[in-house]
Amino acid sequence: MKEFRVSSKSVPSSLAGAIHMAISDGDTATLSCIGAGAVNQALKACAIANERLGGTLVFVPCFEDAERDGEKISMIKILCKKG
């Protein structure tokens, strides 16, 4: 499983390329996002990767608790796999 940390400054087309490579290699990709901007960029990347893969990408979002600077925060993880 390939894991990618996504920020609001991530470039969706570059991230989509990384997702495409992971899926093409028979792997899954997990996108870790903190904040609305990061989730936005991750979903754009998923849409682009889905188009590149011919509409066969399945992505499943879930919440996960994390800790940053001693403070509990919620993170969204998006699991991407070939459908």
# chains A, B, ... in the order shown; residues from 1 in each chain; ligands from 1
>>> select_by_dssp(residues="range 15-69 of chain A", states="strand (DSSP E or B)", output="ChimeraX atom specification")
/A:29-33,57-68
>>> residues_around(residues="Val39 in chain A", least_positions_apart="3", cutoff="12 Å", atoms="only C-alpha atoms", output="JSON, numbers by chain")
{"A": [5, 6, 7, 8, 9, 10, 12, 31, 32, 33, 34, 35, 36, 42, 43, 44, 45, 46, 61, 62, 63, 75, 76, 77, 78]}
>>> closest_residue(among="A:Thr56, A:Ser74, A:Asn50, A:Thr28", to="Ala16 in chain A", atoms="only C-alpha atoms")
A:Asn50
>>> closest_residue(among="A:Leu53, A:Ile73, A:Ala66, A:Ala38", to="Ile19 in chain A", atoms="only C-alpha atoms")
A:Leu53
>>> residues_around(residues="Gly26 in chain A", least_positions_apart="4", cutoff="12 Å", atoms="only C-alpha atoms", output="number ranges by chain")
A: 1-2, 19-22, 80-83
>>> closest_residue(among="A:Val11, A:Leu79, A:Ala49, A:Val60", to="Ser24 in chain A", atoms="only C-alpha atoms")
A:Ala49
>>> closest_residue(among="A:Thr30, A:Ala18, A:Ser13, A:Gly37", to="Val58 in chain A", atoms="only C-alpha atoms")
A:Thr30
>>> select_by_dssp(residues="chain A", states="helix (DSSP H, G or I)", output="PyMOL selection string")
chain A and resi 12-24+36-52
>>> atom_distance(atom1="CA of Glu64 in chain A", atom2="CA of Arg52 in chain A")
28.2 Å
>>> decode(residues="range 40-77 of chain A", atoms="N, CA, C and O atoms", output="tab-separated table (two decimals), in the first residue's frame")
chain	number	residue	atom	x	y	z
A	40	ASN	N	-10.12	18.64	-0.67
A	40	ASN	CA	-10.47	19.14	-1.99
A	40	ASN	C	-9.44	18.69	-3.04
A	40	ASN	O	-9.80	18.16	-4.09
A	41	GLN	N	-8.16	18.89	-2.75
A	41	GLN	CA	-7.11	18.50	-3.69
A	41	GLN	C	-7.08	16.99	-3.88
A	41	GLN	O	-6.88	16.50	-5.00
A	42	ALA	N	-7.30	16.23	-2.82
A	42	ALA	CA	-7.29	14.77	-2.91
A	42	ALA	C	-8.43	14.27	-3.79
A	42	ALA	O	-8.24	13.36	-4.62
A	43	LEU	N	-9.62	14.85	-3.63
A	43	LEU	CA	-10.75	14.40	-4.45
A	43	LEU	C	-10.58	14.78	-5.92
A	43	LEU	O	-10.97	14.02	-6.81
A	44	LYS	N	-9.98	15.93	-6.18
A	44	LYS	CA	-9.68	16.29	-7.57
A	44	LYS	C	-8.71	15.27	-8.17
A	44	LYS	O	-8.88	14.82	-9.30
A	45	ALA	N	-7.69	14.89	-7.39
A	45	ALA	CA	-6.71	13.91	-7.85
A	45	ALA	C	-7.36	12.56	-8.11
A	45	ALA	O	-7.06	11.89	-9.10
A	46	CYS	N	-8.29	12.15	-7.24
A	46	CYS	CA	-9.01	10.89	-7.43
A	46	CYS	C	-9.83	10.92	-8.73
A	46	CYS	O	-9.86	9.94	-9.47
A	47	ALA	N	-10.47	12.04	-8.99
A	47	ALA	CA	-11.27	12.17	-10.21
A	47	ALA	C	-10.38	12.08	-11.46
A	47	ALA	O	-10.73	11.41	-12.43
A	48	ILE	N	-9.23	12.73	-11.42
A	48	ILE	CA	-8.30	12.69	-12.55
A	48	ILE	C	-7.75	11.27	-12.74
A	48	ILE	O	-7.70	10.75	-13.86
A	49	ALA	N	-7.35	10.63	-11.64
A	49	ALA	CA	-6.82	9.27	-11.71
A	49	ALA	C	-7.89	8.30	-12.22
A	49	ALA	O	-7.59	7.40	-13.01
A	50	ASN	N	-9.12	8.50	-11.79
A	50	ASN	CA	-10.23	7.65	-12.25
A	50	ASN	C	-10.40	7.76	-13.76
A	50	ASN	O	-10.60	6.75	-14.45
A	51	GLU	N	-10.29	8.96	-14.28
A	51	GLU	CA	-10.39	9.17	-15.72
A	51	GLU	C	-9.24	8.48	-16.46
A	51	GLU	O	-9.44	7.84	-17.49
A	52	ARG	N	-8.04	8.59	-15.90
A	52	ARG	CA	-6.87	7.96	-16.53
A	52	ARG	C	-6.96	6.44	-16.51
A	52	ARG	O	-6.39	5.76	-17.37
A	53	LEU	N	-7.65	5.89	-15.49
A	53	LEU	CA	-7.78	4.44	-15.35
A	53	LEU	C	-9.04	3.91	-16.05
A	53	LEU	O	-9.40	2.75	-15.88
A	54	GLY	N	-9.71	4.76	-16.79
A	54	GLY	CA	-10.88	4.31	-17.54
A	54	GLY	C	-12.13	4.14	-16.70
A	54	GLY	O	-13.00	3.33	-17.03
A	55	GLY	N	-12.21	4.85	-15.60
A	55	GLY	CA	-13.41	4.79	-14.76
A	55	GLY	C	-13.49	3.59	-13.86
A	55	GLY	O	-14.57	3.22	-13.42
A	56	THR	N	-12.36	2.96	-13.56
A	56	THR	CA	-12.37	1.74	-12.74
A	56	THR	C	-11.84	1.97	-11.32
A	56	THR	O	-11.64	1.01	-10.59
A	57	LEU	N	-11.62	3.21	-10.93
A	57	LEU	CA	-11.07	3.50	-9.60
A	57	LEU	C	-12.20	3.55	-8.58
A	57	LEU	O	-13.24	4.16	-8.80
A	58	VAL	N	-11.99	2.88	-7.46
A	58	VAL	CA	-12.93	2.93	-6.34
A	58	VAL	C	-12.21	3.66	-5.21
A	58	VAL	O	-11.07	3.33	-4.88
A	59	PHE	N	-12.87	4.66	-4.64
A	59	PHE	CA	-12.25	5.32	-3.49
A	59	PHE	C	-13.22	5.38	-2.33
A	59	PHE	O	-14.39	5.69	-2.49
A	60	VAL	N	-12.70	5.03	-1.15
A	60	VAL	CA	-13.50	4.92	0.05
A	60	VAL	C	-12.94	5.87	1.11
A	60	VAL	O	-11.81	5.69	1.57
A	61	PRO	N	-13.72	6.89	1.51
A	61	PRO	CA	-13.24	7.80	2.54
A	61	PRO	C	-13.57	7.28	3.94
A	61	PRO	O	-14.57	6.59	4.13
A	62	CYS	N	-12.72	7.60	4.90
A	62	CYS	CA	-12.99	7.25	6.29
A	62	CYS	C	-12.31	8.27	7.20
A	62	CYS	O	-11.36	8.95	6.80
A	63	PHE	N	-12.80	8.39	8.42
A	63	PHE	CA	-12.20	9.28	9.40
A	63	PHE	C	-11.19	8.50	10.23
A	63	PHE	O	-11.36	7.31	10.49
A	64	GLU	N	-10.16	9.19	10.65
A	64	GLU	CA	-9.16	8.60	11.53
A	64	GLU	C	-8.68	9.68	12.50
A	64	GLU	O	-8.51	10.83	12.11
A	65	ASP	N	-8.50	9.30	13.75
A	65	ASP	CA	-7.99	10.25	14.73
A	65	ASP	C	-6.48	10.29	14.65
A	65	ASP	O	-5.83	9.28	14.44
A	66	ALA	N	-5.94	11.49	14.82
A	66	ALA	CA	-4.50	11.67	14.80
A	66	ALA	C	-4.14	12.68	15.88
A	66	ALA	O	-5.01	13.28	16.50
A	67	GLU	N	-2.86	12.84	16.10
A	67	GLU	CA	-2.40	13.80	17.09
A	67	GLU	C	-1.35	14.69	16.46
A	67	GLU	O	-0.42	14.21	15.81
A	68	ARG	N	-1.52	16.00	16.62
A	68	ARG	CA	-0.55	16.96	16.09
A	68	ARG	C	-0.28	18.00	17.17
A	68	ARG	O	-1.21	18.63	17.66
A	69	ASP	N	0.97	18.17	17.51
A	69	ASP	CA	1.38	19.12	18.55
A	69	ASP	C	0.65	18.85	19.87
A	69	ASP	O	0.24	19.77	20.57
A	70	GLY	N	0.44	17.57	20.19
A	70	GLY	CA	-0.21	17.19	21.43
A	70	GLY	C	-1.71	17.38	21.43
A	70	GLY	O	-2.37	17.20	22.44
A	71	GLU	N	-2.28	17.72	20.29
A	71	GLU	CA	-3.71	17.98	20.18
A	71	GLU	C	-4.35	16.92	19.29
A	71	GLU	O	-3.81	16.57	18.24
A	72	LYS	N	-5.51	16.39	19.71
A	72	LYS	CA	-6.22	15.40	18.91
A	72	LYS	C	-6.93	16.09	17.76
A	72	LYS	O	-7.60	17.10	17.94
A	73	ILE	N	-6.77	15.53	16.57
A	73	ILE	CA	-7.43	16.07	15.38
A	73	ILE	C	-8.03	14.93	14.58
A	73	ILE	O	-7.66	13.76	14.75
A	74	SER	N	-8.97	15.25	13.72
A	74	SER	CA	-9.57	14.26	12.83
A	74	SER	C	-8.92	14.39	11.45
A	74	SER	O	-8.69	15.49	10.97
A	75	MET	N	-8.64	13.27	10.88
A	75	MET	CA	-8.03	13.22	9.55
A	75	MET	C	-8.95	12.40	8.66
A	75	MET	O	-9.61	11.48	9.12
A	76	ILE	N	-9.01	12.76	7.39
A	76	ILE	CA	-9.75	11.95	6.44
A	76	ILE	C	-8.75	11.16	5.62
A	76	ILE	O	-7.78	11.72	5.11
A	77	LYS	N	-8.96	9.86	5.57
A	77	LYS	CA	-8.13	8.99	4.74
A	77	LYS	C	-9.00	8.49	3.61
A	77	LYS	O	-10.16	8.15	3.81
